[in-house]
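Trainee: Just model_21.txt, nothing more (compact mmCIF, C-alpha atoms and all ligand atoms):
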# COMPACT_ATOMS: atom_id res chain seq x y z
CA MET A 1 -17.20 -13.20 -12.75
CA THR A 2 -20.84 -12.12 -13.04
CA THR A 3 -22.88 -12.79 -16.18
CA GLU A 4 -22.17 -9.28 -17.59
CA ASN A 5 -18.46 -9.95 -17.11
CA ARG A 6 -18.37 -7.55 -14.22
CA THR A 7 -16.18 -8.56 -11.30
CA ASN A 8 -17.46 -8.53 -7.73
CA ILE A 9 -14.82 -7.11 -5.44
CA THR A 10 -15.35 -7.06 -1.68
CA PHE A 11 -13.24 -4.97 0.67
CA ILE A 12 -13.04 -6.12 4.29
CA GLY A 13 -12.09 -2.87 6.04
CA ALA A 14 -12.96 0.63 4.75
CA GLY A 15 -9.91 2.53 5.98
CA ASN A 16 -7.27 4.65 4.25
CA MET A 17 -5.86 1.96 2.00
CA ALA A 18 -9.21 0.47 1.01
CA ARG A 19 -10.41 3.96 0.06
CA SER A 20 -7.26 4.57 -1.99
CA LEU A 21 -7.90 1.37 -3.95
CA ILE A 22 -11.64 2.04 -4.38
CA ALA A 23 -10.89 5.58 -5.62
CA GLY A 24 -8.45 4.21 -8.19
CA LEU A 25 -10.79 1.49 -9.41
CA ILE A 26 -13.71 3.90 -9.79
CA ASP A 27 -11.65 6.68 -11.43
CA ASP A 28 -10.23 4.05 -13.78
CA GLY A 29 -13.77 3.08 -14.88
CA ALA A 30 -13.06 -0.58 -14.07
CA SER A 31 -15.88 -3.02 -14.80
CA VAL A 32 -16.39 -3.92 -11.16
CA ASP A 33 -19.11 -4.00 -8.52
CA ILE A 34 -17.71 -3.05 -5.15
CA THR A 35 -18.94 -4.15 -1.72
CA VAL A 36 -17.34 -2.72 1.41
CA ALA A 37 -17.64 -4.14 4.93
CA ASP A 38 -16.57 -2.37 8.10
CA PRO A 39 -17.99 -2.38 11.64
CA SER A 40 -17.73 1.42 11.74
CA GLU A 41 -20.75 3.25 10.29
CA GLU A 42 -18.57 6.37 10.27
CA GLN A 43 -16.12 4.68 7.89
CA LEU A 44 -18.98 3.36 5.75
CA ASP A 45 -20.51 6.86 5.62
CA ILE A 46 -17.31 8.11 3.97
CA ILE A 47 -17.63 5.36 1.34
CA ARG A 48 -21.34 6.09 0.77
CA GLY A 49 -20.64 9.83 0.54
CA GLN A 50 -17.83 9.47 -2.01
CA TRP A 51 -18.97 6.46 -4.00
CA PRO A 52 -22.75 5.94 -3.74
CA ALA A 53 -22.59 2.97 -6.15
CA CYS A 54 -20.68 0.88 -3.59
CA ILE A 55 -22.68 -1.58 -1.49
CA THR A 56 -21.83 -1.10 2.19
CA THR A 57 -22.43 -3.40 5.15
CA THR A 58 -21.27 -4.03 8.69
CA ASP A 59 -21.57 -7.79 8.04
CA ASN A 60 -18.28 -9.25 6.72
CA ALA A 61 -19.86 -12.66 5.98
CA GLN A 62 -22.62 -11.13 3.89
CA ALA A 63 -20.07 -9.01 2.04
CA VAL A 64 -18.09 -12.01 0.78
CA SER A 65 -21.10 -14.11 -0.29
CA GLN A 66 -20.95 -12.98 -3.97
CA ALA A 67 -17.28 -12.04 -4.21
CA ASP A 68 -14.87 -13.02 -7.00
CA LEU A 69 -12.11 -11.19 -5.14
CA VAL A 70 -11.92 -10.43 -1.42
CA VAL A 71 -9.47 -7.68 -0.45
CA LEU A 72 -8.46 -7.97 3.20
CA ALA A 73 -7.74 -4.37 4.25
CA VAL A 74 -7.77 -4.51 8.04
CA LYS A 75 -4.85 -3.94 10.42
CA PRO A 76 -2.43 -6.88 10.75
CA GLN A 77 -3.17 -7.18 14.47
CA ILE A 78 -6.84 -8.16 13.88
CA MET A 79 -6.35 -10.17 10.67
CA GLN A 80 -6.48 -13.57 12.39
CA MET A 81 -9.75 -12.79 14.16
CA VAL A 82 -11.32 -11.39 10.96
CA CYS A 83 -10.19 -14.36 8.83
CA GLU A 84 -11.24 -17.06 11.27
CA ALA A 85 -14.70 -15.51 11.53
CA LEU A 86 -14.98 -15.57 7.71
CA ALA A 87 -13.49 -19.03 7.07
CA SER A 88 -16.70 -21.01 6.52
CA ASP A 89 -18.18 -18.38 4.14
CA ILE A 90 -14.91 -18.14 2.20
CA GLN A 91 -14.65 -21.94 1.92
CA GLU A 92 -18.13 -22.10 0.35
CA ARG A 93 -17.11 -19.88 -2.58
CA LYS A 94 -13.27 -20.00 -2.57
CA PRO A 95 -12.79 -16.54 -4.13
CA LEU A 96 -9.38 -15.05 -4.83
CA ILE A 97 -8.07 -13.55 -1.59
CA MET A 98 -5.85 -10.48 -1.70
CA SER A 99 -4.33 -9.21 1.54
CA ILE A 100 -2.73 -5.78 1.78
CA ALA A 101 -1.68 -6.22 5.42
CA ALA A 102 1.95 -5.60 6.29
CA GLY A 103 3.78 -8.70 7.48
CA VAL A 104 0.89 -11.22 7.49
CA SER A 105 2.15 -14.32 5.66
CA GLU A 106 0.31 -16.24 2.96
CA SER A 107 0.50 -19.41 5.07
CA SER A 108 -1.12 -17.69 8.09
CA LEU A 109 -3.92 -16.31 5.91
CA ASN A 110 -4.47 -19.70 4.29
CA THR A 111 -4.63 -21.45 7.68
CA TRP A 112 -6.95 -18.87 9.25
CA LEU A 113 -9.30 -18.99 6.25
CA GLY A 114 -9.58 -22.80 6.26
CA GLY A 115 -6.90 -23.76 3.67
CA LEU A 116 -6.44 -24.50 -0.05
CA LEU A 117 -7.20 -20.94 -1.19
CA PRO A 118 -5.75 -18.85 -4.01
CA ILE A 119 -4.04 -15.97 -2.20
CA VAL A 120 -2.21 -12.89 -3.43
CA ARG A 121 -0.30 -10.81 -0.94
CA CYS A 122 0.07 -7.20 -1.91
CA MET A 123 2.00 -4.30 -0.43
CA PRO A 124 0.60 -1.05 -1.86
CA ASN A 125 1.18 2.53 -0.70
CA THR A 126 -1.02 5.58 -0.12
CA PRO A 127 -0.18 7.43 -3.39
CA ALA A 128 -2.63 4.85 -4.79
CA LEU A 129 -5.18 7.51 -3.80
CA VAL A 130 -3.96 9.67 -6.68
CA GLN A 131 -3.28 6.72 -8.98
CA SER A 132 0.47 7.01 -8.43
CA GLY A 133 0.88 4.01 -6.16
CA MET A 134 3.61 1.38 -6.13
CA SER A 135 2.66 -2.18 -5.21
CA GLY A 136 4.64 -5.36 -4.69
CA LEU A 137 2.68 -8.59 -5.31
CA TYR A 138 3.21 -12.25 -4.47
CA ALA A 139 0.89 -15.10 -5.51
CA ASN A 140 0.71 -18.60 -4.04
CA THR A 141 0.63 -21.64 -6.35
CA ARG A 142 -3.19 -21.89 -6.26
CA VAL A 143 -3.59 -18.55 -8.05
CA ASP A 144 -4.33 -19.21 -11.74
CA GLU A 145 -3.44 -16.89 -14.64
CA GLU A 146 -6.89 -15.25 -14.73
CA GLN A 147 -6.77 -14.51 -10.99
CA ARG A 148 -3.21 -13.23 -11.29
CA SER A 149 -4.29 -10.77 -13.94
CA LEU A 150 -7.37 -9.77 -11.88
CA ALA A 151 -5.14 -8.97 -8.88
CA GLU A 152 -2.70 -7.11 -11.13
CA SER A 153 -5.47 -5.12 -12.83
CA VAL A 154 -6.82 -3.93 -9.44
CA MET A 155 -3.41 -2.67 -8.41
CA ARG A 156 -2.61 -1.26 -11.88
CA ALA A 157 -5.72 0.92 -11.58
CA VAL A 158 -3.92 2.77 -8.81
CA GLY A 159 -0.31 2.77 -9.98
CA MET A 160 2.61 0.52 -10.86
CA VAL A 161 3.05 -3.14 -9.99
CA LEU A 162 6.03 -5.46 -9.41
CA TRP A 163 5.60 -9.22 -8.92
CA PHE A 164 7.91 -11.23 -6.66
CA ASP A 165 8.38 -15.03 -6.67
CA ASP A 166 9.82 -14.93 -3.16
CA GLU A 167 7.28 -13.86 -0.52
CA ASP A 168 10.09 -12.76 1.80
CA MET A 169 10.89 -9.88 -0.57
CA LEU A 170 7.62 -8.22 0.54
CA HIS A 171 9.43 -7.24 3.77
CA ALA A 172 11.81 -5.18 1.63
CA VAL A 173 8.92 -3.78 -0.45
CA THR A 174 7.15 -2.77 2.77
CA ALA A 175 10.26 -0.98 4.03
CA VAL A 176 10.95 0.79 0.71
CA SER A 177 7.65 1.68 -0.97
CA GLY A 178 4.93 0.69 1.55
CA SER A 179 6.25 2.94 4.30
CA GLY A 180 8.29 5.07 1.86
CA PRO A 181 5.80 7.91 1.30
CA ALA A 182 6.12 8.78 5.00
CA TYR A 183 9.90 9.23 4.65
CA PHE A 184 9.45 11.71 1.81
CA PHE A 185 6.68 13.51 3.74
CA LEU A 186 9.05 13.84 6.71
CA VAL A 187 11.72 15.36 4.46
CA MET A 188 9.07 17.73 3.04
CA GLU A 189 7.95 18.69 6.57
CA ALA A 190 11.56 19.45 7.54
CA MET A 191 12.18 21.49 4.36
CA GLN A 192 8.92 23.38 4.86
CA ARG A 193 9.86 24.33 8.44
CA SER A 194 13.24 25.52 7.27
CA ALA A 195 11.70 27.48 4.35
CA GLU A 196 9.29 29.21 6.72
CA GLY A 197 12.30 30.05 8.88
CA PHE A 198 13.59 32.17 5.95
CA GLY A 199 10.40 34.23 6.15
CA LEU A 200 8.45 32.51 3.36
CA SER A 201 4.72 32.16 4.03
CA GLU A 202 3.29 28.69 4.71
CA GLU A 203 1.68 28.60 1.24
CA GLU A 204 4.84 29.78 -0.52
CA ALA A 205 6.98 27.28 1.38
CA ARG A 206 4.54 24.42 0.67
CA LEU A 207 4.45 25.13 -3.06
CA LEU A 208 8.23 25.45 -3.32
CA VAL A 209 8.78 22.20 -1.41
CA VAL A 210 6.01 20.03 -2.87
CA GLN A 211 6.52 21.08 -6.50
CA THR A 212 10.26 20.47 -6.09
CA ALA A 213 9.60 16.97 -4.68
CA PHE A 214 7.19 16.25 -7.55
CA GLY A 215 9.63 17.58 -10.16
CA ALA A 216 12.52 15.57 -8.73
CA ALA A 217 10.46 12.36 -8.71
CA LYS A 218 9.16 12.96 -12.25
CA LEU A 219 12.66 13.71 -13.52
CA ALA A 220 14.04 10.57 -11.84
CA LEU A 221 11.22 8.46 -13.34
CA GLU A 222 11.60 9.84 -16.86
CA SER A 223 15.38 10.19 -17.06
CA ASN A 224 17.89 7.49 -17.96
CA ASP A 225 20.27 8.95 -15.37
CA SER A 226 20.59 7.39 -11.91
CA SER A 227 19.57 9.42 -8.85
CA ALA A 228 23.28 9.95 -8.11
CA GLU A 229 23.88 11.36 -11.63
CA LEU A 230 20.82 13.63 -11.37
CA ARG A 231 22.08 14.89 -8.01
CA LYS A 232 25.49 15.65 -9.50
CA LYS A 233 23.81 17.69 -12.26
CA VAL A 234 22.25 19.98 -9.60
CA THR A 235 25.48 20.27 -7.64
CA SER A 236 27.86 22.94 -8.93
CA LYS A 237 31.40 22.79 -7.59
CA GLY A 238 31.69 25.24 -4.70
CA GLY A 239 28.00 26.11 -5.05
CA THR A 240 24.90 26.18 -2.84
CA THR A 241 23.80 22.54 -3.32
CA GLU A 242 27.25 21.26 -2.42
CA ALA A 243 27.11 23.24 0.83
CA ALA A 244 23.76 21.61 1.70
CA ILE A 245 24.72 18.08 0.61
CA ASN A 246 27.99 18.24 2.59
CA GLN A 247 25.96 19.15 5.66
CA LEU A 248 23.45 16.31 5.10
CA GLN A 249 26.20 13.74 4.54
CA ALA A 250 28.21 14.95 7.53
CA SER A 251 25.17 14.35 9.72
CA GLY A 252 24.95 10.75 8.52
CA LEU A 253 21.88 10.93 6.28
CA GLU A 254 22.67 7.81 4.21
CA ASN A 255 23.33 5.68 7.29
CA THR A 256 20.19 7.00 8.98
CA PHE A 257 18.09 5.97 5.96
CA ASP A 258 19.73 2.55 5.93
CA LEU A 259 18.91 2.06 9.62
CA ALA A 260 15.36 3.36 9.11
CA LEU A 261 14.59 0.96 6.25
CA LYS A 262 16.08 -1.94 8.20
CA ALA A 263 13.85 -1.03 11.18
CA ALA A 264 10.77 -1.08 8.92
CA ALA A 265 11.73 -4.45 7.36
CA GLN A 266 12.45 -5.85 10.83
CA ARG A 267 9.02 -4.75 12.04
CA SER A 268 7.44 -6.46 9.04
CA ILE A 269 9.40 -9.63 9.94
CA VAL A 270 8.23 -9.45 13.55
CA LEU A 271 4.60 -8.97 12.45
CA SER A 272 4.87 -12.05 10.21
CA GLY A 273 6.39 -14.17 12.98
CA ASN A 274 9.06 -15.82 10.80
CA LYS A 275 12.68 -15.39 9.70
CA PRO A 276 12.96 -14.44 6.04
CA ALA A 277 15.99 -14.48 3.74
CA ILE A 278 16.43 -10.70 3.86
CA GLU A 279 17.45 -11.03 7.52
CA LYS A 280 19.95 -13.84 6.84
CA SER A 281 22.12 -11.87 4.39
N1 LIG B 301 -1.54 3.06 5.35
C1 LIG B 301 -0.59 2.64 4.53
O1 LIG B 301 0.25 3.40 4.03
C2 LIG B 301 -0.53 1.19 4.14
C3 LIG B 301 -1.25 0.24 4.82
N2 LIG B 301 -1.16 -1.07 4.47
C4 LIG B 301 -1.94 -2.09 5.18
O2 LIG B 301 -3.31 -1.83 4.92
C5 LIG B 301 -4.08 -2.32 5.99
C6 LIG B 301 -5.09 -1.27 6.37
O3 LIG B 301 -4.38 -0.10 6.77
P1 LIG B 301 -5.08 1.33 6.78
O4 LIG B 301 -6.08 1.40 5.70
O5 LIG B 301 -3.98 2.31 6.87
O6 LIG B 301 -5.83 1.22 8.22
P2 LIG B 301 -7.15 1.96 8.70
O7 LIG B 301 -7.12 1.93 10.19
O8 LIG B 301 -7.32 3.26 8.00
O9 LIG B 301 -8.31 0.96 8.18
C7 LIG B 301 -8.64 -0.25 8.80
C8 LIG B 301 -10.16 -0.40 8.73
O10 LIG B 301 -10.52 -1.68 9.24
C9 LIG B 301 -11.76 -1.52 9.90
N3 LIG B 301 -12.03 -2.67 10.74
C10 LIG B 301 -11.74 -2.84 12.07
N4 LIG B 301 -12.20 -4.04 12.47
C11 LIG B 301 -12.79 -4.63 11.38
C12 LIG B 301 -13.45 -5.88 11.19
N5 LIG B 301 -13.59 -6.77 12.18
N6 LIG B 301 -13.95 -6.14 9.96
C13 LIG B 301 -13.83 -5.26 8.95
N7 LIG B 301 -13.20 -4.06 9.08
C14 LIG B 301 -12.68 -3.76 10.29
C15 LIG B 301 -11.61 -0.21 10.66
O11 LIG B 301 -12.87 0.31 11.08
C16 LIG B 301 -10.93 0.64 9.60
O12 LIG B 301 -11.87 1.31 8.79
C17 LIG B 301 -3.13 -2.68 7.12
O13 LIG B 301 -3.06 -4.08 7.22
C18 LIG B 301 -1.80 -2.10 6.69
O14 LIG B 301 -0.73 -2.93 7.09
C19 LIG B 301 -0.42 -1.46 3.39
C20 LIG B 301 0.30 -0.55 2.67
C21 LIG B 301 0.34 0.83 3.00
O1 LIG B 302 2.94 1.44 8.77
C1 LIG B 302 2.41 0.37 8.40
O2 LIG B 302 2.45 -0.63 9.11
C2 LIG B 302 1.74 0.30 7.05
C3 LIG B 302 2.39 -0.70 6.17
C4 LIG B 302 3.16 0.07 5.14
C5 LIG B 302 2.70 1.45 5.34
N1 LIG B 302 1.91 1.55 6.36
Would you write out, as structure tokens, the structure that this file holds?
Mentor:
Amino acid sequence: MTTENRTNITFIGAGNMARSLIAGLIDDGASVDITVADPSEEQLDIIRGQWPACITTTDNAQAVSQADLVVLAVKPQIMQMVCEALASDIQERKPLIMSIAAGVSESSLNTWLGGLLPIVRCMPNTPALVQSGMSGLYANTRVDEEQRSLAESVMRAVGMVLWFDDEDMLHAVTAVSGSGPAYFFLVMEAMQRSAEGFGLSEEEARLLVVQTAFGAAKLALESNDSSAELRKKVTSKGGTTEAAINQLQASGLENTFDLALKAAAQRSIVLSGNKPAIEKS
């Protein structure tokens, strides 16, 4: 922490997810000073344009020199190279490390960064951009209570948080909520195309589809009913919804979703290079 009790947070990588988190932290009025490092001036220009108070640099090592928390927000494929290049600077200060990369294990991060570090792995999702994110978190044993609450407060600024004691469960979180927004967007795309096929304009179709998706999600969040019970309440016997649901079920929707989520979890397992419990069951 700095003397004024402000927290120095450094983002390594200024892409979509980093921007979602920065937006949430700034909108939330969090007491933080943010530094962002990225080799792309184009990416840094977006940060400077949207949040002039952020310090930006193309030098990762310089960016971590004052950090209390380093958020690793680069693609999994380059994480090893980025971490190894930062190891000596990180070892000097030993800040809390938070990685948002899919499928990169805590033990790999710890090894690449020189060892004995407090590390939180986090799997957020893009609705963090509108402070409606869902994040799964896992902390290693070197993370103390203060660091745990720092990591949680960053992610709470952009949505809801669930902690897991078993790191392997982050494969499931990745498959469900990390990648999940894309599944709903695909359903919305399909509904929009079909709506336009009825002769509705693009704007009319978009409003009907998106507001319906929002309303369904809000109702599911606020209701005590399960999704199955809420669905039954829309479905009149012999009515229009039943006709649609019968069609969706006949074409194997539930099985397709099951296979899709398993493919996402499997990809997360492959990226991490190990065999977690979720695969053994
Ligand atoms: N997009 C999503 O929905 C989610 C992504 N994630 C994870 O977040 C991480 C970032 O993903 P996105 O933001 O979508 O990717 P992105 O491609 O938008 O951002 C990655 C950023 O890293 C920068 N970069 C490249 N080399 C660098 C280096 N050597 N040092 C510093 N920065 C470097 C790139 O210029 C780019 O700005 C990934 O590990 C991904 O697995 C996690 C949850 C959801
Ligand atoms: O597709 C990906 O690999 C990342 C992780 C979860 C969402 N996007």
Trainee: Out of A:Asn16, A:Thr57, A:Ala220, A:Ala175, which residue has the shortest atom-to-atom distance to Leu259 of chain A when counting all atoms listed in the file?
Mentor: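 Answer, going by the shortest atom-to-atom distance: A:Ala175.
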Trainee: Give me, as CSV, the closest atom pair and its distance (Å, one decimal) for every residue of chain A within a cut-off of 6 Å of ligand LIG 301 (chain B), counting all atoms listed in the file, rows sorted by chain and rising number.
Mentor:
residue,atom,partner,partner_atom,distance
A:Ile12,CA,B:LIG301,C13,4.8
A:Gly13,CA,B:LIG301,N7,3.4
A:Ala14,CA,B:LIG301,O12,4.2
A:Gly15,CA,B:LIG301,O9,3.1
A:Asn16,CA,B:LIG301,O4,3.8
A:Met17,CA,B:LIG301,O4,3.7
A:Ala18,CA,B:LIG301,O4,5.7
A:Ala37,CA,B:LIG301,C13,5.7
A:Asp38,CA,B:LIG301,N7,3.9
A:Pro39,CA,B:LIG301,C14,5.7
A:Ser40,CA,B:LIG301,O11,5.0
A:Gln43,CA,B:LIG301,O12,5.5
A:Ala73,CA,B:LIG301,C5,4.5
A:Val74,CA,B:LIG301,O10,4.1
A:Lys75,CA,B:LIG301,O13,3.7
A:Pro76,CA,B:LIG301,O13,4.5
A:Val82,CA,B:LIG301,N5,5.3
A:Ile100,CA,B:LIG301,O2,5.1
A:Ala101,CA,B:LIG301,O13,3.1
A:Ala102,CA,B:LIG301,O14,3.9
A:Met123,CA,B:LIG301,C20,5.2
A:Pro124,CA,B:LIG301,C20,4.6
A:Asn125,CA,B:LIG301,C21,4.2
A:Thr126,CA,B:LIG301,O1,4.9
A:Gly178,CA,B:LIG301,C21,4.8
Trainee: Could you tell me, as a ChimeraX atom specification, which residues have any atom at most 12 Å from (4.6, 1.8, -13.4), counting only C-alpha atoms?
Mentor: /A:128,131-136,152,155-163,221-222
Trainee: Which one is closest to Asn60 of chain A: A:Asp28, A:Phe11, A:Ser20, A:Met188? Count all atoms listed in the file.
Mentor: A:Phe11
Trainee: So, counting all atoms listed in the file, which residue among A:Gln266, A:Thr212, A:Ser149, A:Ser201 is closest to ligand LIG 302 (chain B)?
Mentor: A:Gln266
Trainee: With only C-alpha atoms as the basis for distance, which of A:Cys122, A:Ala195, A:Leu248, A:Ile90 is at the shortest distance from His171 of chain A?
Mentor: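 So, comparing all the options, the nearest one is A:Cys122.
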Trainee: Looking at A:Leu72, A:Ala85, A:Ala216, A:Leu271, which one is nearest to ligand LIG 302 (chain B), with distances taken over only C-alpha atoms and all ligand atoms?
Mentor: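 Among the listed residues, A:Leu271 lies closest to ligand LIG 302 (chain B).
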Trainee: At a cut-off of 12 Å around the point (5.3, -12.6, 15.2) (file coordinates), what residues fall inside when counting all atoms listed in the file? I'd like the answer as a compact mmCIF listing (two decimals) with C-alpha atoms, in the frame of the given file.
Mentor:
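Saved as selection37.txt:
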# COMPACT_ATOMS: atom_id res chain seq x y z
CA PRO A 76 -2.43 -6.88 10.75
CA GLN A 77 -3.17 -7.18 14.47
CA ALA A 102 1.95 -5.60 6.29
CA GLY A 103 3.78 -8.70 7.48
CA VAL A 104 0.89 -11.22 7.49
CA SER A 105 2.15 -14.32 5.66
CA SER A 108 -1.12 -17.69 8.09
CA GLN A 266 12.45 -5.85 10.83
CA ARG A 267 9.02 -4.75 12.04
CA SER A 268 7.44 -6.46 9.04
CA ILE A 269 9.40 -9.63 9.94
CA VAL A 270 8.23 -9.45 13.55
CA LEU A 271 4.60 -8.97 12.45
CA SER A 272 4.87 -12.05 10.21
CA GLY A 273 6.39 -14.17 12.98
CA ASN A 274 9.06 -15.82 10.80
CA LYS A 275 12.68 -15.39 9.70
